[in-house]
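Chemist: I have a structure here, written as structure tokens, and I will follow up with some questions on it.
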Amino acid sequence: MASVLILAAAGAAVAALLALRLWVVLHSQVLVPRQSLSLLVVAGSGGHTTEILRLLENLSNAYSPRHYIIADTDEMSAHKINSFELNRADRDPSTMLPEYYIHRIPRSREVQQSWLSTVLTTLYSMWVSFPLTYRVKPDLVLCNGPGTCVPICISALLLGILGIKKVIIVYVESICRVEHLSLSGRILFHLSDYFIVQWPALKEKYPKSVYLGRIV
């Protein structure tokens, strides 16, 4: 009985320390001036990829290298990203070769997949995502709603919790979300450093969000 109580107390202490460490990571805003910032971009299929690439059009070349995360079955997004980067290089004569990389991870959830099985596929996606995020060690994660962004953002948070690196997470809710957050948005609202919405109705419901109007 005593050993059980000791294990329970130890587990509670570890959980409390992890919770405290998570709070510290989420509330720390340590910004170090740099000439370049490693950017990790989570692209979803279809409209999500189109929106995130529109956001990237306004970013300078200081956000380099750019690492794109796509689902392992998403060939369309890979083509869009390659085309975007080539066009970007053509517009900027100072860019010799665009420094970008495309990485693939398993989908967290397929269309019409059951919620019970989604838990398992998300855990598997997280298992694959953490070694990738650890290898890249981005300064900034940018995402706009695909389910693929959840395991990536949690992996980025783990880097901070483990004391490896503080990663800034910027979540931009999709333009199609006018009055309600997406499932990814509801999950990451409390975990992102900056949560940006594009409609005033969402700003009213979520005062801590950042409203910048339509940015895509």
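Chain labels follow the order of the structure tokens: the first chain is A, the next B, and so on; residue numbering restarts at 1 in every chain, and ligands are counted from 1 in their shown order.
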Pick out the residues sitting within 7 Å of Gly145 of chain A, and hand them over as a PyMOL selection string; count only C-alpha atoms, and ignore anything fewer than 4 positions along from it in its own chain.
Modeler: chain A and resi 149+173-174+182+184-185
Chemist: Take the residues just selected and output them with all heavy atoms as a compact mmCIF listing (two decimals), in the first residue's frame.
Modeler:
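Output contents, as saved in again-v2.txt:
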# COMPACT_ATOMS: atom_id res chain seq x y z
N CYS A 149 -1.53 20.03 -38.35
CA CYS A 149 -0.80 21.00 -37.55
C CYS A 149 -0.82 20.67 -36.06
O CYS A 149 0.07 21.12 -35.32
CB CYS A 149 -1.35 22.41 -37.78
SG CYS A 149 -2.98 22.72 -37.07
N GLU A 173 -6.47 31.28 -38.11
CA GLU A 173 -7.68 30.53 -38.41
C GLU A 173 -8.11 30.78 -39.85
O GLU A 173 -7.96 31.88 -40.39
CB GLU A 173 -8.80 30.96 -37.45
CG GLU A 173 -10.08 30.14 -37.56
CD GLU A 173 -9.88 28.65 -37.33
OE1 GLU A 173 -9.36 27.97 -38.24
OE2 GLU A 173 -10.25 28.16 -36.25
N SER A 174 -8.61 29.74 -40.48
CA SER A 174 -8.98 29.81 -41.89
C SER A 174 -10.04 30.87 -42.13
O SER A 174 -10.90 31.14 -41.29
CB SER A 174 -9.51 28.44 -42.34
OG SER A 174 -10.02 28.52 -43.66
N SER A 182 -12.39 26.11 -35.96
CA SER A 182 -12.22 24.73 -36.41
C SER A 182 -11.81 23.87 -35.21
O SER A 182 -11.46 24.38 -34.14
CB SER A 182 -11.14 24.66 -37.49
OG SER A 182 -9.90 25.09 -36.96
N SER A 184 -9.10 22.11 -34.97
CA SER A 184 -7.69 22.42 -34.70
C SER A 184 -7.57 23.74 -33.95
O SER A 184 -6.74 23.86 -33.03
CB SER A 184 -6.90 22.50 -36.02
OG SER A 184 -6.93 21.27 -36.70
N GLY A 185 -8.40 24.71 -34.32
CA GLY A 185 -8.37 26.00 -33.64
C GLY A 185 -8.76 25.88 -32.18
O GLY A 185 -8.15 26.51 -31.31
Chemist: Excluding Val172 of chain A and residues on its chain fewer than 3 positions from it, collect all residues at most 7 Å away from it, counting only C-alpha atoms, and give them as a list in words.
Modeler: Cys143, Asn144, Phe195, Ile196 and Val197 of chain A
Chemist: Can you pull out the residues contacting Glu99 of chain A? Cut-off 7 Å, using only C-alpha atoms, and skip same-chain residues under 4 positions away; I want them as JSON, numbers by chain.
Modeler: {"A": [64, 65, 66]}
Chemist: Please provide the set of residues having any atom within 9 Å of Phe130 of chain A, restricted to only C-alpha atoms, with same-chain residues fewer than 6 positions apart removed, written as a list in words.
Modeler: Pro151, Ile152, Ile154, Ser155, Ala156, Leu158 and Leu159 of chain A
Chemist: Go ahead and save the residues from that selection, with N, CA, C and O atoms, as an mmCIF file, in the first residue's frame.
Modeler:
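Printed below is out29.cif as written:
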data_model
loop_
_atom_site.group_PDB
_atom_site.id
_atom_site.type_symbol
_atom_site.label_atom_id
_atom_site.label_comp_id
_atom_site.auth_asym_id
_atom_site.auth_seq_id
_atom_site.Cartn_x
_atom_site.Cartn_y
_atom_site.Cartn_z
ATOM 1 N N PRO A 151 -0.326 17.682 -34.250
ATOM 2 C CA PRO A 151 0.866 16.988 -33.740
ATOM 3 C C PRO A 151 2.148 17.783 -33.903
ATOM 4 O O PRO A 151 3.055 17.686 -33.063
ATOM 5 N N ILE A 152 2.243 18.601 -34.958
ATOM 6 C CA ILE A 152 3.440 19.423 -35.150
ATOM 7 C C ILE A 152 3.543 20.472 -34.052
ATOM 8 O O ILE A 152 4.622 20.691 -33.470
ATOM 9 N N ILE A 154 2.178 20.440 -31.046
ATOM 10 C CA ILE A 154 2.453 19.788 -29.764
ATOM 11 C C ILE A 154 3.919 19.383 -29.682
ATOM 12 O O ILE A 154 4.560 19.515 -28.631
ATOM 13 N N SER A 155 4.476 18.916 -30.795
ATOM 14 C CA SER A 155 5.902 18.578 -30.821
ATOM 15 C C SER A 155 6.761 19.815 -30.586
ATOM 16 O O SER A 155 7.782 19.754 -29.882
ATOM 17 N N ALA A 156 6.349 20.941 -31.164
ATOM 18 C CA ALA A 156 7.087 22.191 -30.944
ATOM 19 C C ALA A 156 7.014 22.617 -29.481
ATOM 20 O O ALA A 156 8.002 23.105 -28.913
ATOM 21 N N LEU A 158 6.735 20.566 -26.984
ATOM 22 C CA LEU A 158 7.588 19.640 -26.235
ATOM 23 C C LEU A 158 9.043 20.078 -26.256
ATOM 24 O O LEU A 158 9.769 19.881 -25.272
ATOM 25 N N LEU A 159 9.481 20.680 -27.358
ATOM 26 C CA LEU A 159 10.842 21.190 -27.403
ATOM 27 C C LEU A 159 11.073 22.219 -26.304
ATOM 28 O O LEU A 159 12.134 22.239 -25.669
#
